[in-house]
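Visitor: Submitted below is the structure of interest, expressed as structure tokens.
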Amino acid sequence: MFRLLIILALWLHGTSGTAQTPSGNAALQNGPMLGYVDMREALIWVQTTTPSTVVVEYWETSNPSAKMKTAPVVTTKTHGFTAKCVADQVQPGKAYQYAVLINEEAVKLPFPTAFRTQPLWRWRTDPPAFSVATGSCAYTNEPVYDRPGRPYGSNFQIYTSILQQNPDVMLWLGDNVYYREPDWFTRTGMVHRYTHDRSIPELQPLLASTAHYAIWDDHDFGPNDSDGTFVHKDMAWEVFRDFWGNPTFGVNGQKGCTTYFQYMDVDFFLLDNRYFRTPNECRTCPERTLLGKEQLNWFLGALAQSQAPFKIVAIGGQLLTTSVKHETAANLFPAERDTILNFIERENIKGVVFLTGDKHFTELSAMKNGAGNWVYDLTTSPLTSGTNPNAEENKWHVEGTRVSTHNFSMLRFSGTRTERALEITNYDADGKETWKRTITAKGMK
């Protein structure tokens, strides 16, 4: 809590209004942002305004005189002037601070830049408690390119509210930016969208001190409801890689946003529901698929292999709901949905929690399968985009968890190794709690 108060105090002291003045170095465009953070590495992402050499200097908080540096990265226009600097001299369970140097000039920031590596706890202690912030659908207004009429995006104070919860991880669930018509078909357009949207002043302190992981959905992949036929999906994948710090991008030699990471004792499976997707309107396509055969087989095998008390599965659209409206799996890909849920039941896999977005409302779904295990789907949407007040029929909806305003969710993992619990709390844009549920091996309370 003390660290959080320092972060907020320094940030509020150093910012005013909506103009971003992150540094005295004009070469910094956006960031820094923490990507993955593990025991022996942490990734720091930076975007510059022009071709530049970026180095990150870092040091253990308890020993500031012993400074280390990442290998230099030269930014290029082809990659949106982005740099991914890897701090690879860190040790497990240590607190670090860092500074960004662009062209050998230190960037001065009005908020702290810090991270803590994951601890080496296994065989030594119970797994530590940790927290994950999550949400989807972040629309940032840019009037010259927005549709006429009432602005679709708002409430950027939600990023300050997320920071106030002091999460260890932020997991973005897709539609993290909204490509507009001028963005869809060129790299210039896609890079512009990310560059513009990542410059929000309220976002900067959160980027700098929390580990960020992401999947995509249609709006940060291509046009609305886009699928595997999108002609520029490889370009979208390249831009996604440039602007996020996931540990990997695709499995088994395939492209896409699919990846996996472990945080403490919890396994996170990040799935791609766009790159291999058959068109929504092609109901007679011979092999209709949401994930594609290779990704689906990898996911099911990895899920069965997991020994984690909770298996967190991030995917852009709702999977568990029985609603047959819009892009739910039950509506468009019922066979693949059944394959996944039947596999979880047949293999007696416990602790599966899907994290989904897209819907512009929030709800928790809970289903007890034939093996006696509960499967959950936490939909969290939207962060800043338009809201959806229309309820949808869902057999597995948990009463009291519907939210139709801007919101985010916090997942807090705690307890001993054999009795882990997951507390889910939803908050509105101002940080006010809307509902809370706790999941254990025995179910939900």
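Chain labels A, B, ... are given in the sequence in which chains occur in the structure tokens; within each chain residues are numbered consecutively from 1, and ligands are likewise numbered from 1 in the order shown.
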Find the residues of segment 46-156 of chain A that sit at most 6 Å from segment 197-220 of chain A; for each, write down the nearest two atoms and how far apart they are in Å, to one decimal. Count only C-alpha atoms. Sort by chain, then by number going up, and give it as a Markdown table.

Guide:
```
| residue | atom | partner | partner_atom | distance |
| --- | --- | --- | --- | --- |
| A:Phe111 | CA | A:Pro205 | CA | 6.0 |
| A:Thr113 | CA | A:Ala208 | CA | 5.3 |
| A:Ala114 | CA | A:Ser209 | CA | 5.3 |
| A:Phe115 | CA | A:Ser209 | CA | 5.8 |
| A:Thr140 | CA | A:Asp197 | CA | 5.8 |
```

Visitor: Could you pull the residues within 8 Å of segment 426-438 of chain A, counting only C-alpha atoms, minus those fewer than 3 positions along the same chain, as a PyMOL selection string?

Guide: chain A and resi 155+157-158+161-162+383+400-401+403+405-410+421-423+444-445

Visitor: Could the residues in this selection be written to a file with N, CA and C atoms, as a short mmCIF file (atom, residue, chain, number, x, y, z; two decimals), in the first residue's frame?

Guide:
```cif
data_model
loop_
_atom_site.label_atom_id
_atom_site.label_comp_id
_atom_site.auth_asym_id
_atom_site.auth_seq_id
_atom_site.Cartn_x
_atom_site.Cartn_y
_atom_site.Cartn_z
N ASN A 155 -14.31 8.09 -19.89
CA ASN A 155 -13.97 7.52 -18.59
C ASN A 155 -12.55 6.98 -18.50
N GLN A 157 -10.46 7.81 -16.42
CA GLN A 157 -10.06 7.69 -15.02
C GLN A 157 -10.09 6.24 -14.56
N ILE A 158 -10.67 5.36 -15.35
CA ILE A 158 -10.69 3.94 -14.97
C ILE A 158 -9.28 3.39 -14.83
N SER A 161 -8.16 4.14 -11.45
CA SER A 161 -8.86 3.25 -10.52
C SER A 161 -8.22 1.87 -10.50
N ILE A 162 -7.80 1.38 -11.66
CA ILE A 162 -7.11 0.08 -11.71
C ILE A 162 -5.80 0.17 -10.95
N LEU A 383 -14.12 -1.31 -20.77
CA LEU A 383 -13.28 -0.39 -20.02
C LEU A 383 -13.69 1.06 -20.30
N GLY A 400 -26.80 -11.12 -9.82
CA GLY A 400 -26.12 -10.04 -9.13
C GLY A 400 -24.78 -9.66 -9.72
N THR A 401 -24.41 -10.26 -10.85
CA THR A 401 -23.10 -9.96 -11.43
C THR A 401 -23.20 -9.20 -12.76
N VAL A 403 -23.28 -6.02 -14.97
CA VAL A 403 -22.89 -4.61 -14.90
C VAL A 403 -22.94 -4.04 -16.31
N THR A 405 -22.14 -0.65 -17.02
CA THR A 405 -21.40 0.61 -17.05
C THR A 405 -19.93 0.29 -17.26
N HIS A 406 -19.10 1.29 -17.46
CA HIS A 406 -17.66 1.06 -17.59
C HIS A 406 -17.15 0.41 -16.31
N ASN A 407 -16.33 -0.64 -16.48
CA ASN A 407 -15.93 -1.41 -15.30
C ASN A 407 -14.68 -2.24 -15.59
N PHE A 408 -14.10 -2.77 -14.52
CA PHE A 408 -12.99 -3.72 -14.63
C PHE A 408 -13.12 -4.72 -13.49
N SER A 409 -12.40 -5.82 -13.60
CA SER A 409 -12.43 -6.87 -12.58
C SER A 409 -11.05 -7.08 -12.00
N MET A 410 -11.02 -7.45 -10.72
CA MET A 410 -9.79 -7.84 -10.05
C MET A 410 -9.91 -9.29 -9.61
N ALA A 421 -7.75 -19.99 -3.09
CA ALA A 421 -9.04 -19.36 -3.36
C ALA A 421 -8.85 -18.23 -4.35
N LEU A 422 -9.88 -18.01 -5.15
CA LEU A 422 -9.89 -16.91 -6.11
C LEU A 422 -11.04 -15.99 -5.77
N GLU A 423 -10.72 -14.78 -5.37
CA GLU A 423 -11.73 -13.76 -5.09
C GLU A 423 -11.85 -12.86 -6.32
N MET A 444 -18.42 -21.94 -5.51
CA MET A 444 -18.45 -20.49 -5.37
C MET A 444 -19.25 -20.09 -4.14
N LYS A 445 -18.80 -19.01 -3.50
CA LYS A 445 -19.56 -18.46 -2.37
C LYS A 445 -19.53 -16.96 -2.43
#
```

Visitor: Name the closest residue to Ala129 of chain A among the candidates A:Phe269, A:Phe354, A:Tyr98, A:Tyr263; distances are taken between atoms, counting only C-alpha atoms.

Guide: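 Comparing A:Phe269, A:Phe354, A:Tyr98, A:Tyr263 against Ala129 of chain A, the winner is A:Tyr263.
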
Visitor: Give the helix (DSSP H, G or I) residues of segment 112-303 of chain A, as assigned by DSSP on the backbone, as a ChimeraX atom specification.

Guide: /A:158-164,187-197,201-209,218-220,233-243,293-303

Visitor: Just to be explicit: take each residue in the selection above, keep C-alpha atoms, and write the result as an mmCIF file, in the first residue's frame.

Guide:
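After the write, result24.cif holds the following:
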```
data_model
loop_
_atom_site.group_PDB
_atom_site.id
_atom_site.type_symbol
_atom_site.label_atom_id
_atom_site.label_comp_id
_atom_site.auth_asym_id
_atom_site.auth_seq_id
_atom_site.Cartn_x
_atom_site.Cartn_y
_atom_site.Cartn_z
ATOM 1 C CA ILE A 158 -10.692 3.942 -14.972
ATOM 2 C CA TYR A 159 -6.941 3.425 -15.482
ATOM 3 C CA THR A 160 -6.239 5.378 -12.287
ATOM 4 C CA SER A 161 -8.859 3.249 -10.522
ATOM 5 C CA ILE A 162 -7.112 0.083 -11.710
ATOM 6 C CA LEU A 163 -3.759 1.408 -10.503
ATOM 7 C CA GLN A 164 -5.274 2.078 -7.079
ATOM 8 C CA ARG A 187 0.433 -0.686 -41.409
ATOM 9 C CA THR A 188 0.507 3.100 -41.122
ATOM 10 C CA GLY A 189 -3.096 3.104 -39.938
ATOM 11 C CA MET A 190 -2.621 0.292 -37.416
ATOM 12 C CA VAL A 191 0.541 1.821 -35.972
ATOM 13 C CA HIS A 192 -1.182 5.191 -35.719
ATOM 14 C CA ARG A 193 -4.061 3.685 -33.770
ATOM 15 C CA TYR A 194 -1.816 2.031 -31.200
ATOM 16 C CA THR A 195 0.414 5.099 -30.950
ATOM 17 C CA HIS A 196 -2.545 7.421 -30.385
ATOM 18 C CA ASP A 197 -4.418 5.223 -27.935
ATOM 19 C CA PRO A 201 -2.089 10.326 -19.623
ATOM 20 C CA GLU A 202 -4.150 8.317 -17.136
ATOM 21 C CA LEU A 203 -2.720 5.109 -18.580
ATOM 22 C CA GLN A 204 0.978 5.863 -18.185
ATOM 23 C CA PRO A 205 1.565 5.064 -14.463
ATOM 24 C CA LEU A 206 -0.313 1.767 -14.846
ATOM 25 C CA LEU A 207 1.804 0.785 -17.853
ATOM 26 C CA ALA A 208 5.040 1.517 -16.035
ATOM 27 C CA SER A 209 4.541 -0.512 -12.863
ATOM 28 C CA ASP A 218 -11.962 -8.231 -33.793
ATOM 29 C CA HIS A 219 -11.353 -4.494 -33.336
ATOM 30 C CA ASP A 220 -7.612 -4.799 -32.670
ATOM 31 C CA LYS A 233 -4.104 -10.543 -40.655
ATOM 32 C CA ASP A 234 -0.354 -11.115 -40.893
ATOM 33 C CA MET A 235 0.220 -7.377 -40.736
ATOM 34 C CA ALA A 236 -2.144 -7.103 -37.764
ATOM 35 C CA TRP A 237 -0.144 -9.859 -36.052
ATOM 36 C CA GLU A 238 3.134 -8.038 -36.673
ATOM 37 C CA VAL A 239 1.771 -4.776 -35.235
ATOM 38 C CA PHE A 240 0.310 -6.621 -32.226
ATOM 39 C CA ARG A 241 3.749 -8.131 -31.559
ATOM 40 C CA ASP A 242 5.372 -4.708 -31.804
ATOM 41 C CA PHE A 243 3.055 -3.131 -29.244
ATOM 42 C CA LYS A 293 -7.260 -27.470 -35.295
ATOM 43 C CA GLU A 294 -3.629 -26.848 -34.281
ATOM 44 C CA GLN A 295 -4.448 -24.262 -31.611
ATOM 45 C CA LEU A 296 -7.378 -26.291 -30.254
ATOM 46 C CA ASN A 297 -5.279 -29.446 -29.917
ATOM 47 C CA TRP A 298 -2.488 -27.528 -28.222
ATOM 48 C CA PHE A 299 -4.902 -25.881 -25.789
ATOM 49 C CA LEU A 300 -6.695 -29.079 -24.793
ATOM 50 C CA GLY A 301 -3.425 -30.940 -24.273
ATOM 51 C CA ALA A 302 -1.889 -28.111 -22.264
ATOM 52 C CA LEU A 303 -5.039 -27.779 -20.186
#
```

Visitor: Which value, in Å to one decimal, gives the distance between atom CA of Thr53 of chain A and atom CA of Thr248 of chain A?

Guide: 23.6 Å
